[in-house]
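> Dropping in data-v2.cif, with mmCIF, C-alpha atoms.
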data_my_file
#
loop_
_atom_site.label_atom_id
_atom_site.label_comp_id
_atom_site.auth_asym_id
_atom_site.auth_seq_id
_atom_site.Cartn_x
_atom_site.Cartn_y
_atom_site.Cartn_z
CA MET Z 22 171.73 -110.48 -18.11
CA HIS Z 23 172.10 -107.90 -15.38
CA THR Z 24 168.44 -106.90 -15.78
CA SER Z 25 167.32 -110.51 -15.59
CA LYS Z 26 169.18 -111.09 -12.34
CA LEU Z 27 167.70 -107.90 -10.87
CA CYS Z 28 164.17 -109.06 -11.75
CA ILE Z 29 164.78 -112.43 -10.15
CA LEU Z 30 166.11 -110.73 -6.99
CA LEU Z 31 163.11 -108.40 -6.78
CA SER Z 32 160.71 -111.30 -7.26
CA ALA Z 33 162.40 -113.23 -4.46
CA CYS Z 34 162.16 -110.22 -2.14
CA LEU Z 35 158.46 -109.70 -2.87
CA LEU Z 36 157.76 -113.39 -2.27
CA ALA Z 37 159.57 -113.26 1.08
CA ILE Z 38 157.58 -110.18 2.13
CA LYS Z 39 154.33 -111.89 1.14
CA LEU Z 40 155.17 -115.07 3.05
CA GLN Z 41 156.16 -113.04 6.12
CA ALA Z 42 152.88 -111.13 6.00
CA GLN Z 43 150.95 -114.40 5.80
CA THR Z 44 152.67 -115.75 8.92
CA GLN Z 45 151.96 -112.63 11.01
CA PRO Z 46 148.82 -112.87 13.18
CA ALA Z 47 145.96 -110.66 12.07
CA PRO Z 48 145.18 -107.72 14.40
CA ALA Z 49 142.72 -108.75 17.09
CA PRO Z 50 139.25 -107.25 16.56
CA THR Z 51 138.49 -104.50 19.03
CA GLY Z 52 134.96 -105.76 19.68
CA PRO Z 53 132.35 -104.03 21.81
CA SER Z 54 133.38 -101.93 24.79
CA ALA Z 55 130.85 -103.63 27.07
CA PRO Z 56 128.40 -106.54 26.97
CA ALA Z 57 125.20 -106.12 24.94
CA GLU Z 58 123.11 -107.06 27.97
CA LEU Z 59 123.96 -105.04 31.06
CA PRO Z 60 123.34 -106.02 34.69
CA GLY Z 61 121.00 -104.06 36.95
CA ASN Z 62 117.84 -102.08 36.35
CA GLY Z 63 119.04 -99.48 33.88
CA PHE Z 64 117.89 -95.96 34.67
CA ALA Z 65 115.75 -97.26 37.53
CA GLN Z 66 118.74 -98.59 39.52
CA HIS Z 67 119.32 -95.28 41.28
CA ASP Z 68 118.08 -91.70 41.30
CA PHE Z 69 121.07 -89.59 40.31
CA PHE Z 70 122.43 -86.24 39.18
CA TYR Z 71 124.76 -86.57 36.21
CA ALA Z 72 127.22 -84.22 34.56
CA GLY Z 73 128.94 -84.96 31.27
CA GLU Z 74 131.73 -82.80 29.93
CA GLY Z 75 131.56 -83.93 26.30
CA ASN Z 76 128.25 -82.26 25.51
CA LYS Z 77 128.43 -79.95 28.57
CA THR Z 78 125.04 -81.18 29.74
CA MET Z 79 123.81 -81.96 33.26
CA SER Z 80 120.79 -84.14 34.02
CA ILE Z 81 118.69 -85.39 36.92
CA VAL Z 82 117.28 -88.90 36.63
CA LYS Z 83 114.50 -90.05 38.98
CA LYS Z 84 112.55 -93.29 38.90
CA GLY Z 85 114.09 -94.18 35.57
CA LYS Z 86 113.25 -90.91 33.80
CA VAL Z 87 115.17 -87.73 33.06
CA VAL Z 88 113.30 -84.99 34.94
CA TRP Z 89 115.71 -82.06 34.43
CA THR Z 90 118.50 -81.06 32.05
CA TYR Z 91 120.73 -78.05 31.60
CA THR Z 92 123.35 -77.39 28.93
CA ASP Z 93 126.20 -74.99 29.57
CA THR Z 94 126.32 -72.67 26.57
CA SER Z 95 129.77 -71.23 27.30
CA ALA Z 96 131.86 -70.96 24.17
CA ARG Z 97 134.57 -73.19 25.60
CA GLY Z 98 135.44 -75.36 28.56
CA GLU Z 99 134.22 -78.62 30.08
CA ILE Z 100 132.11 -79.46 33.11
CA SER Z 101 134.56 -81.08 35.50
CA ASP Z 102 132.74 -80.82 38.83
CA ALA Z 103 129.05 -80.40 39.60
CA VAL Z 104 126.93 -80.65 42.74
CA LEU Z 105 123.15 -80.69 43.18
CA LEU Z 106 122.36 -78.83 46.42
CA SER Z 107 119.47 -79.73 48.69
CA ASN Z 108 117.59 -76.55 47.68
CA GLY Z 109 117.64 -77.61 44.02
CA ASN Z 110 120.45 -75.28 42.98
CA VAL Z 111 123.35 -76.63 40.93
CA LEU Z 112 126.96 -75.54 41.46
CA PHE Z 113 129.37 -76.46 38.68
CA ALA Z 114 132.92 -75.77 37.54
CA HIS Z 115 133.34 -75.46 33.77
CA GLN Z 116 137.13 -75.16 33.33
CA PHE Z 117 137.26 -71.41 32.89
CA GLY Z 118 134.81 -70.44 35.62
CA ILE Z 119 132.26 -71.47 38.25
CA THR Z 120 128.50 -70.98 38.08
CA GLU Z 121 125.57 -71.62 40.38
CA ILE Z 122 122.02 -71.75 38.99
CA THR Z 123 118.59 -72.41 40.45
CA ALA Z 124 116.40 -75.35 39.53
CA ASP Z 125 114.61 -73.10 37.03
CA LYS Z 126 118.03 -72.20 35.53
CA LYS Z 127 118.37 -68.66 36.84
CA LEU Z 128 121.83 -67.36 37.65
CA VAL Z 129 122.75 -67.20 41.34
CA TRP Z 130 126.50 -66.57 41.11
CA ASN Z 131 129.31 -66.70 38.58
CA TYR Z 132 133.09 -66.37 38.71
CA ASN Z 133 135.39 -66.29 35.68
CA ALA Z 134 138.97 -67.51 36.03
CA PRO Z 135 141.75 -65.07 35.10
CA ALA Z 136 143.48 -65.64 31.77
CA GLY Z 137 145.89 -68.56 31.91
CA ASN Z 138 144.06 -70.24 34.79
CA GLU Z 139 141.58 -73.13 34.91
CA ILE Z 140 139.02 -74.28 37.48
CA HIS Z 141 137.92 -77.90 37.61
CA THR Z 142 136.57 -78.18 41.14
CA ALA Z 143 133.85 -76.39 43.11
CA GLN Z 144 132.42 -77.59 46.41
CA PRO Z 145 129.73 -75.86 48.49
CA ILE Z 146 130.10 -74.93 52.13
CA GLY Z 147 126.61 -74.00 53.27
CA ASN Z 148 124.50 -72.04 50.78
CA ASP Z 149 126.74 -68.98 50.69
CA LYS Z 150 130.32 -70.24 50.37
CA VAL Z 151 132.25 -72.09 47.67
CA LEU Z 152 135.60 -73.85 47.90
CA TYR Z 153 137.56 -74.19 44.68
CA ILE Z 154 141.05 -74.64 43.24
CA ARG Z 155 142.40 -72.37 40.54
CA ASN Z 156 144.97 -74.20 38.42
CA GLY Z 157 147.79 -71.90 37.40
CA ASN Z 158 151.22 -70.58 38.29
CA PRO Z 159 150.92 -70.49 41.20
CA ALA Z 160 147.95 -72.80 41.79
CA LYS Z 161 145.71 -71.64 44.63
CA LEU Z 162 142.85 -72.92 46.76
CA PHE Z 163 140.14 -70.46 47.78
CA VAL Z 164 137.03 -70.28 49.90
CA VAL Z 165 134.80 -67.42 48.78
CA ASP Z 166 131.61 -65.91 50.22
CA ILE Z 167 129.41 -65.75 47.12
CA THR Z 168 127.14 -63.11 48.66
CA THR Z 169 130.01 -60.61 48.90
CA ASP Z 170 132.66 -62.15 46.58
CA LYS Z 171 135.07 -61.87 49.50
CA ASN Z 172 137.80 -64.49 49.83
CA LEU Z 173 137.63 -66.07 53.29
CA PHE Z 174 140.63 -68.34 52.79
CA GLU Z 175 143.47 -68.55 50.28
CA MET Z 176 146.56 -70.69 50.00
CA GLU Z 177 149.05 -71.76 47.36
CA LEU Z 178 149.28 -75.41 46.37
CA GLN Z 179 152.38 -77.23 45.23
CA THR Z 180 152.32 -78.52 41.64
CA GLY Z 181 154.52 -80.87 39.66
CA LYS Z 182 154.56 -78.66 36.56
CA PRO Z 183 153.67 -75.05 37.42
CA LEU Z 184 153.67 -73.95 33.78
CA VAL Z 185 151.36 -76.77 32.62
CA THR Z 186 148.02 -75.69 33.99
CA HIS Z 187 145.47 -78.22 32.71
CA PRO Z 188 146.58 -81.41 34.52
CA GLN Z 189 147.31 -79.92 37.94
CA PHE Z 190 144.05 -80.55 39.86
CA ARG Z 191 140.53 -81.91 39.38
CA HIS Z 192 138.73 -82.62 42.65
CA VAL Z 193 138.74 -81.86 46.37
CA GLY Z 194 136.99 -83.95 49.02
CA ILE Z 195 135.85 -82.27 52.25
CA THR Z 196 136.00 -84.67 55.19
CA ALA Z 197 133.62 -84.83 58.16
CA ALA Z 198 136.48 -83.48 60.30
CA GLY Z 199 136.66 -80.32 58.18
CA THR Z 200 139.91 -81.19 56.42
CA LEU Z 201 140.52 -81.35 52.68
CA LEU Z 202 141.60 -84.27 50.51
CA VAL Z 203 143.27 -82.68 47.49
CA ALA Z 204 144.12 -84.84 44.48
CA HIS Z 205 147.46 -83.62 43.14
CA MET Z 206 147.06 -85.12 39.69
CA ASP Z 207 150.34 -83.93 38.23
CA MET Z 208 152.25 -85.13 41.30
CA GLY Z 209 150.56 -88.53 41.65
CA LYS Z 210 149.44 -88.19 45.25
CA VAL Z 211 146.57 -87.23 47.53
CA CYS Z 212 147.26 -84.80 50.38
CA GLU Z 213 145.07 -84.00 53.36
CA TYR Z 214 145.16 -80.38 54.56
CA ASP Z 215 143.94 -79.04 57.88
CA GLY Z 216 142.08 -75.77 58.33
CA LYS Z 217 145.35 -73.81 58.36
CA GLY Z 218 146.63 -75.30 55.13
CA ASN Z 219 149.10 -77.77 56.67
CA ILE Z 220 149.56 -81.23 55.16
CA ILE Z 221 148.62 -83.77 57.84
CA TRP Z 222 148.45 -86.95 55.71
CA GLN Z 223 149.30 -88.08 52.21
CA ALA Z 224 149.31 -91.18 50.02
CA ASP Z 225 150.69 -92.00 46.60
CA MET Z 226 148.08 -92.30 43.84
CA PRO Z 227 149.21 -92.35 40.19
CA GLY Z 228 147.03 -90.02 38.12
CA ALA Z 229 145.21 -88.83 41.26
CA TRP Z 230 141.78 -87.59 40.19
CA ALA Z 231 139.64 -87.52 43.35
CA ALA Z 232 139.52 -88.76 46.94
CA THR Z 233 136.90 -89.15 49.66
CA ARG Z 234 137.17 -90.09 53.33
CA LEU Z 235 135.04 -93.14 54.14
CA LYS Z 236 133.09 -93.69 57.36
CA ASN Z 237 135.56 -96.39 58.38
CA GLY Z 238 138.40 -93.86 58.35
CA ASN Z 239 139.93 -95.16 55.13
CA THR Z 240 140.35 -93.04 52.00
CA LEU Z 241 138.91 -93.98 48.62
CA MET Z 242 141.05 -92.59 45.80
CA SER Z 243 140.68 -92.65 42.03
CA GLY Z 244 143.27 -92.30 39.30
CA ALA Z 245 145.02 -95.04 37.38
CA SER Z 246 142.88 -97.39 39.47
CA ILE Z 247 140.33 -97.15 42.28
CA ARG Z 248 142.14 -97.69 45.55
CA GLU Z 249 141.05 -97.76 49.20
CA VAL Z 250 143.87 -97.14 51.67
CA ASN Z 251 143.93 -97.16 55.45
CA PRO Z 252 145.35 -94.32 57.57
CA LYS Z 253 148.82 -95.88 57.19
CA GLY Z 254 148.50 -95.59 53.40
CA GLU Z 255 148.25 -99.35 52.96
CA THR Z 256 145.99 -100.59 50.17
CA VAL Z 257 143.07 -102.61 51.56
CA TRP Z 258 140.99 -102.77 48.35
CA GLU Z 259 141.68 -101.94 44.74
CA PHE Z 260 139.75 -102.09 41.49
CA THR Z 261 141.53 -101.99 38.14
CA ALA Z 262 140.36 -102.28 34.55
CA ALA Z 263 141.55 -105.90 34.61
CA ASP Z 264 138.91 -106.71 37.24
CA ALA Z 265 136.11 -106.12 34.69
CA PRO Z 266 137.70 -106.99 31.33
CA ASP Z 267 134.36 -107.07 29.49
CA TYR Z 268 133.84 -103.37 30.20
CA LYS Z 269 137.21 -101.93 29.15
CA MET Z 270 137.21 -99.51 32.06
CA LYS Z 271 139.87 -97.06 30.91
CA ASN Z 272 139.77 -93.41 32.01
CA MET Z 273 138.08 -94.05 35.36
CA GLN Z 274 137.46 -90.73 37.06
CA ARG Z 275 135.54 -90.66 40.34
CA ALA Z 276 134.55 -93.38 42.78
CA VAL Z 277 131.79 -93.27 45.40
CA ARG Z 278 131.23 -95.79 48.17
CA LEU Z 279 127.48 -96.38 48.31
CA GLU Z 280 125.50 -97.09 51.47
CA ASN Z 281 125.11 -100.74 50.46
CA GLY Z 282 128.89 -101.14 50.49
CA ASN Z 283 129.24 -101.22 46.71
CA THR Z 284 131.45 -98.79 44.81
CA LEU Z 285 130.17 -96.64 41.95
CA ILE Z 286 132.79 -95.77 39.36
CA ASN Z 287 132.22 -93.33 36.53
CA ARG Z 288 134.25 -93.38 33.35
CA TRP Z 289 135.11 -90.66 30.85
CA VAL Z 290 134.35 -92.27 27.51
CA ALA Z 291 133.39 -90.99 24.08
CA LYS Z 292 130.31 -92.32 22.32
CA GLY Z 293 132.43 -94.39 19.95
CA ASP Z 294 130.49 -97.40 18.79
CA GLY Z 295 127.80 -96.74 21.38
CA THR Z 296 128.58 -99.87 23.40
CA GLY Z 297 130.74 -98.28 26.11
CA VAL Z 298 129.31 -97.70 29.58
CA GLN Z 299 129.52 -94.42 31.46
CA ALA Z 300 129.50 -95.97 34.94
CA ILE Z 301 129.49 -99.27 36.78
CA GLU Z 302 128.61 -100.36 40.30
CA VAL Z 303 130.75 -103.13 41.75
CA THR Z 304 130.47 -105.21 44.91
CA PRO Z 305 133.33 -105.54 47.42
CA ASP Z 306 134.33 -108.74 45.57
CA LYS Z 307 134.38 -106.72 42.31
CA GLN Z 308 131.29 -108.15 40.65
CA VAL Z 309 129.52 -105.70 38.33
CA VAL Z 310 125.90 -105.41 39.48
CA TRP Z 311 124.90 -102.31 37.49
CA ALA Z 312 126.20 -100.61 34.38
CA LEU Z 313 124.94 -97.35 32.89
CA ARG Z 314 124.90 -96.90 29.13
CA SER Z 315 122.95 -94.03 27.62
CA TRP Z 316 123.90 -92.76 24.17
CA GLY Z 317 120.40 -92.14 22.80
CA PRO Z 318 118.45 -91.75 20.68
CA GLU Z 319 115.88 -91.56 23.50
CA ILE Z 320 118.33 -90.40 26.19
CA ASP Z 321 121.89 -89.31 25.53
CA LEU Z 322 123.65 -88.47 28.80
CA GLY Z 323 126.96 -87.90 27.08
CA ARG Z 324 130.36 -88.44 28.63
CA SER Z 325 130.48 -89.01 32.35
CA THR Z 326 132.23 -86.50 34.57
CA THR Z 327 130.44 -87.03 37.87
CA ILE Z 328 127.47 -88.94 39.24
CA GLN Z 329 125.79 -87.92 42.49
CA ILE Z 330 123.46 -90.60 43.87
CA LEU Z 331 120.19 -89.15 45.17
CA ASP Z 332 118.67 -92.24 46.79
CA ASN Z 333 119.09 -90.83 50.31
CA ALA Z 334 117.37 -87.46 50.69
CA LYS Z 335 118.99 -87.02 54.13
CA ILE Z 336 122.40 -86.45 52.55
CA ILE Z 337 122.98 -82.69 52.31
CA PRO Z 338 126.03 -81.95 50.10
CA GLU Z 339 126.44 -78.38 51.35
CA LYS Z 340 126.49 -79.41 55.01
CA GLU Z 341 130.28 -79.24 55.15
CA HIS Z 342 132.92 -77.18 56.90
CA PHE Z 343 136.59 -76.46 56.35
CA GLY Z 344 138.46 -75.64 59.53
CA ASN Z 345 136.40 -72.91 61.21
CA ILE Z 346 134.58 -71.94 58.01
CA ARG Z 347 131.01 -73.21 58.00
#
I need this file expressed as structure tokens, please.


Amino acid sequence: MHTSKLCILLSACLLAIKLQAQTQPAPAPTGPSAPAELPGNGFAQHDFFYAGEGNKTMSIVKKGKVVWTYTDTSARGEISDAVLLSNGNVLFAHQFGITEITADKKLVWNYNAPAGNEIHTAQPIGNDKVLYIRNGNPAKLFVVDITTDKNLFEMELQTGKPLVTHPQFRHVGITAAGTLLVAHMDMGKVCEYDGKGNIIWQADMPGAWAATRLKNGNTLMSGASIREVNPKGETVWEFTAADAPDYKMKNMQRAVRLENGNTLINRWVAKGDGTGVQAIEVTPDKQVVWALRSWGPEIDLGRSTTIQILDNAKIIPEKEHFGNIR
């Protein structure tokens, strides 16, 4: 009798579990990461220099065709920052060092980070100087003369977690006034430093990844969203993943304000199902007018770390100064 009652009880429990499972909504299908048909002109939309950290490859695309590629063969690390100079050289930071190569892939200069340190940013000042941040304890910003390997400037930077090196810093923007916009990723803010290393302006930015000073005096920052703030730190424009739900724009990294007033946003994304886009261009009213998707088999650009638009040949990336250093 006892056994019979136990069987009945177990049967009732199983039936209840089954009925509960039937009333629970099925998990929503993930679906594609972007529309099948993308707006814009594909590879022909812009000429651009592209760096992707997943496969450690950099590419130059002109008139819709890849005209140059280079793959970093370092045993480890990721390409976090890369700049195509006006002379055809490429300067790039690859987590555990910085390298500059010529257009025909010959070594110009290399610097390896000390053990326990990481480097994710490298910006040129002229053709003979490089500004970079070395994540570590302490974290430091340097300007080095690459012809002599002499440090011309050095200062410590505050970090949120001194012992956690990787998430401290990614990018630095050099302004036309010769100041620096440093994205303090692990502190959730962007700070502007003058030529003596003093903080002269700052704004909150969760997940701060990069920042640039716009011609109108505002600052365009990227992190958890893409946000334009005025000198008072007030948000005057913002783009979030919710503004383009069809594209699932998670992991946005850098944002560039184009000459036409649109904003180009690149996104760190794995190949996945092959439907995700590596970058989008949006209008001031947040309409997507171009999306880049290139996972092969003809052209596989890999994950997007940075995109440098090359439409205007008059823009010279190395024509920058920091304080009195030119």

> Output the residue selection produced by the PyMOL selection byres ((chain Z and resi 189-197) around 9) on the file above, formatted as a PyMOL selection string.

chain Z and resi 101-102+140-144+152-157+160+180-183+185-188+198-208+229-236+275+341-343

> Decode the PyMOL selection byres ((chain Z and resi 100) around 10) for the given file into explicit residues and return them as a list in words.

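Applied to this file, the PyMOL selection byres ((chain Z and resi 100) around 10) returns Ala72, Gly73, Glu74, Gly75, Asn76, Lys77, Thr78, Met79, Thr92, Asp93, Gly98, Glu99, Ser101, Asp102, Ala103, Phe113, Ala114, His115, Gln116, Phe117, Gly118, Ile119, Ile140, His141, Thr142, Ser325, Thr326 and Thr327 of chain Z.
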
> Just to be explicit: take each residue in the selection above, keep C-alpha atoms, and write the result as a CSV table (one decimal), keeping the file's coordinate frame.


chain,number,residue,atom,x,y,z
Z,72,ALA,CA,127.2,-84.2,34.6
Z,73,GLY,CA,128.9,-85.0,31.3
Z,74,GLU,CA,131.7,-82.8,29.9
Z,75,GLY,CA,131.6,-83.9,26.3
Z,76,ASN,CA,128.2,-82.3,25.5
Z,77,LYS,CA,128.4,-80.0,28.6
Z,78,THR,CA,125.0,-81.2,29.7
Z,79,MET,CA,123.8,-82.0,33.3
Z,92,THR,CA,123.4,-77.4,28.9
Z,93,ASP,CA,126.2,-75.0,29.6
Z,98,GLY,CA,135.4,-75.4,28.6
Z,99,GLU,CA,134.2,-78.6,30.1
Z,101,SER,CA,134.6,-81.1,35.5
Z,102,ASP,CA,132.7,-80.8,38.8
Z,103,ALA,CA,129.0,-80.4,39.6
Z,113,PHE,CA,129.4,-76.5,38.7
Z,114,ALA,CA,132.9,-75.8,37.5
Z,115,HIS,CA,133.3,-75.5,33.8
Z,116,GLN,CA,137.1,-75.2,33.3
Z,117,PHE,CA,137.3,-71.4,32.9
Z,118,GLY,CA,134.8,-70.4,35.6
Z,119,ILE,CA,132.3,-71.5,38.2
Z,140,ILE,CA,139.0,-74.3,37.5
Z,141,HIS,CA,137.9,-77.9,37.6
Z,142,THR,CA,136.6,-78.2,41.1
Z,325,SER,CA,130.5,-89.0,32.4
Z,326,THR,CA,132.2,-86.5,34.6
Z,327,THR,CA,130.4,-87.0,37.9

> Apply the PyMOL selection byres ((chain Z and resi 111) around 12) to the file shown and report the selected residues as a PyMOL selection string.

chain Z and resi 70-72+79-81+89-91+93+102-110+112-114+119-131+143-145+148+329+338-339

> Could you name the residues that touch Z:Gly218 at 9 Å or less, counting all atoms listed in the file, but leaving out those on the same chain fewer than 6 positions away, as a list of chain:residue names?

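So, after excluding close chain neighbours, the residues are Z:Glu175, Z:Met176, Z:Glu177, Z:Leu201.
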
> State, in Å with one decimal place, the distance from atom CA of Z:Ala300 to atom CA of Z:Asn283.

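Interatomic distance, atom CA of Z:Ala300 to atom CA of Z:Asn283: 12.9 Å.
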
> For atom CA of Z:Ile286 and atom CA of Z:Gln274, quote the distance in Å rounded to one decimal.

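Those two atoms sit 7.2 Å apart.
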
> Select, from Z:Ser243, Z:Asn219, Z:Gln179, Z:Asn138, the residue with the minimum atom-to-atom distance to Z:Arg278, counting only C-alpha atoms.

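Distance minimum relative to Z:Arg278 lands on Z:Ser243.
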
> For stretch 251-253 of chain Z, please output as an NGL selection string all residues within 9 Å (counting all atoms listed in the file; exclusion window: fewer than 6 positions along the same chain).

:Z and (222 or 224 or 237-240)

> Suppose you want the space between atom CA of Z:Pro318 and atom CA of Z:Ala65; what is it in Å?

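The value is 17.9 Å.
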
> Mind working out the centre and edge lengths of an axis-aligned box for stretch 215-219 of chain Z, all listed atoms inside, 3 Å added to each side, rounded to one decimal in Å and written as lines of an AutoDock Vina configuration file?


center_x = 145.6
center_y = -76.4
center_z = 56.7
size_x = 13.0
size_y = 11.2
size_z = 9.2

> Write out as a PyMOL selection string which residues come within 6 Å of stretch 51-64 of chain Z when counting all atoms listed in the file, dropping same-chain ones fewer than 4 positions away.

chain Z and resi 85+267-269+296-297+310-312

> Grab the residues selected above and save them as a short mmCIF file (atom, residue, chain, number, x, y, z; two decimals), in the coordinates of the input with C-alpha atoms.


data_model
loop_
_atom_site.label_atom_id
_atom_site.label_comp_id
_atom_site.auth_asym_id
_atom_site.auth_seq_id
_atom_site.Cartn_x
_atom_site.Cartn_y
_atom_site.Cartn_z
CA GLY Z 85 114.09 -94.18 35.57
CA ASP Z 267 134.36 -107.07 29.49
CA TYR Z 268 133.84 -103.37 30.20
CA LYS Z 269 137.21 -101.93 29.15
CA THR Z 296 128.58 -99.87 23.40
CA GLY Z 297 130.74 -98.28 26.11
CA VAL Z 310 125.90 -105.41 39.48
CA TRP Z 311 124.90 -102.31 37.49
CA ALA Z 312 126.20 -100.61 34.38
#

> Step by step: start from the point (133.3, -92.5, 30.2) in the file's coordinates, keep every protein, DNA or RNA residue that has an atom no farther than 9 Å from it, count all atoms listed in the file, and write the set as a ChimeraX atom specification.

/Z:73,270-274,287-292,297-300,323-326

> Pick the closest to Z:Asp332 from Z:Asp306, Z:Asn345, Z:Thr169, Z:Asn281: which is it, counting all atoms listed in the file?

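The closest residue to Z:Asp332 is Z:Asn281.
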
> Between Z:Lys161, Z:Ala263, Z:Val82, Z:Thr168, which is the closest to Z:Ala134 once you count all atoms listed in the file?

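Among the listed residues, Z:Lys161 lies closest to Z:Ala134.
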
> Where atoms are missing, can you supply all heavy atoms for stretch 198-205 of chain Z and output the lot as a PDB file, in the coordinates of the input?


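That gives us selection_33.pdb:
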ATOM      1  N   ALA Z 198     135.683 -84.195  59.293  1.00  0.00           N
ATOM      2  CA  ALA Z 198     136.480 -83.480  60.300  1.00  0.00           C
ATOM      3  C   ALA Z 198     136.811 -82.061  59.869  1.00  0.00           C
ATOM      4  O   ALA Z 198     137.456 -81.320  60.626  1.00  0.00           O
ATOM      5  CB  ALA Z 198     137.768 -84.257  60.570  1.00  0.00           C
ATOM      6  N   GLY Z 199     136.394 -81.674  58.657  1.00  0.00           N
ATOM      7  CA  GLY Z 199     136.660 -80.320  58.180  1.00  0.00           C
ATOM      8  C   GLY Z 199     138.028 -80.158  57.561  1.00  0.00           C
ATOM      9  O   GLY Z 199     138.534 -79.033  57.429  1.00  0.00           O
ATOM     10  N   THR Z 200     138.648 -81.266  57.150  1.00  0.00           N
ATOM     11  CA  THR Z 200     139.910 -81.190  56.420  1.00  0.00           C
ATOM     12  C   THR Z 200     139.637 -81.409  54.935  1.00  0.00           C
ATOM     13  O   THR Z 200     138.517 -81.734  54.541  1.00  0.00           O
ATOM     14  CB  THR Z 200     140.900 -82.255  56.931  1.00  0.00           C
ATOM     15  OG1 THR Z 200     140.327 -83.565  56.741  1.00  0.00           O
ATOM     16  CG2 THR Z 200     141.179 -82.053  58.415  1.00  0.00           C
ATOM     17  N   LEU Z 201     140.677 -81.233  54.126  1.00  0.00           N
ATOM     18  CA  LEU Z 201     140.520 -81.350  52.680  1.00  0.00           C
ATOM     19  C   LEU Z 201     141.405 -82.464  52.135  1.00  0.00           C
ATOM     20  O   LEU Z 201     142.579 -82.573  52.499  1.00  0.00           O
ATOM     21  CB  LEU Z 201     140.916 -80.041  51.987  1.00  0.00           C
ATOM     22  CG  LEU Z 201     140.190 -78.768  52.401  1.00  0.00           C
ATOM     23  CD1 LEU Z 201     140.729 -77.584  51.605  1.00  0.00           C
ATOM     24  CD2 LEU Z 201     138.689 -78.910  52.178  1.00  0.00           C
ATOM     25  N   LEU Z 202     140.828 -83.274  51.243  1.00  0.00           N
ATOM     26  CA  LEU Z 202     141.600 -84.270  50.510  1.00  0.00           C
ATOM     27  C   LEU Z 202     141.771 -83.738  49.092  1.00  0.00           C
ATOM     28  O   LEU Z 202     140.824 -83.686  48.310  1.00  0.00           O
ATOM     29  CB  LEU Z 202     140.864 -85.612  50.491  1.00  0.00           C
ATOM     30  CG  LEU Z 202     140.779 -86.329  51.836  1.00  0.00           C
ATOM     31  CD1 LEU Z 202     139.806 -87.500  51.748  1.00  0.00           C
ATOM     32  CD2 LEU Z 202     142.148 -86.801  52.289  1.00  0.00           C
ATOM     33  N   VAL Z 203     142.973 -83.296  48.780  1.00  0.00           N
ATOM     34  CA  VAL Z 203     143.270 -82.680  47.490  1.00  0.00           C
ATOM     35  C   VAL Z 203     144.015 -83.685  46.618  1.00  0.00           C
ATOM     36  O   VAL Z 203     145.058 -84.220  47.018  1.00  0.00           O
ATOM     37  CB  VAL Z 203     144.118 -81.403  47.665  1.00  0.00           C
ATOM     38  CG1 VAL Z 203     144.461 -80.802  46.309  1.00  0.00           C
ATOM     39  CG2 VAL Z 203     143.361 -80.379  48.519  1.00  0.00           C
ATOM     40  N   ALA Z 204     143.471 -83.937  45.431  1.00  0.00           N
ATOM     41  CA  ALA Z 204     144.120 -84.840  44.480  1.00  0.00           C
ATOM     42  C   ALA Z 204     145.118 -84.053  43.641  1.00  0.00           C
ATOM     43  O   ALA Z 204     144.734 -83.272  42.775  1.00  0.00           O
ATOM     44  CB  ALA Z 204     143.066 -85.502  43.587  1.00  0.00           C
ATOM     45  N   HIS Z 205     146.399 -84.263  43.904  1.00  0.00           N
ATOM     46  CA  HIS Z 205     147.460 -83.620  43.140  1.00  0.00           C
ATOM     47  C   HIS Z 205     147.732 -84.486  41.913  1.00  0.00           C
ATOM     48  O   HIS Z 205     148.631 -85.342  41.926  1.00  0.00           O
ATOM     49  CB  HIS Z 205     148.729 -83.493  43.986  1.00  0.00           C
ATOM     50  CG  HIS Z 205     148.661 -82.469  45.076  1.00  0.00           C
ATOM     51  ND1 HIS Z 205     149.267 -81.233  44.970  1.00  0.00           N
ATOM     52  CD2 HIS Z 205     148.051 -82.480  46.281  1.00  0.00           C
ATOM     53  CE1 HIS Z 205     149.056 -80.537  46.084  1.00  0.00           C
ATOM     54  NE2 HIS Z 205     148.315 -81.275  46.894  1.00  0.00           N
TER      55      HIS Z 205
END
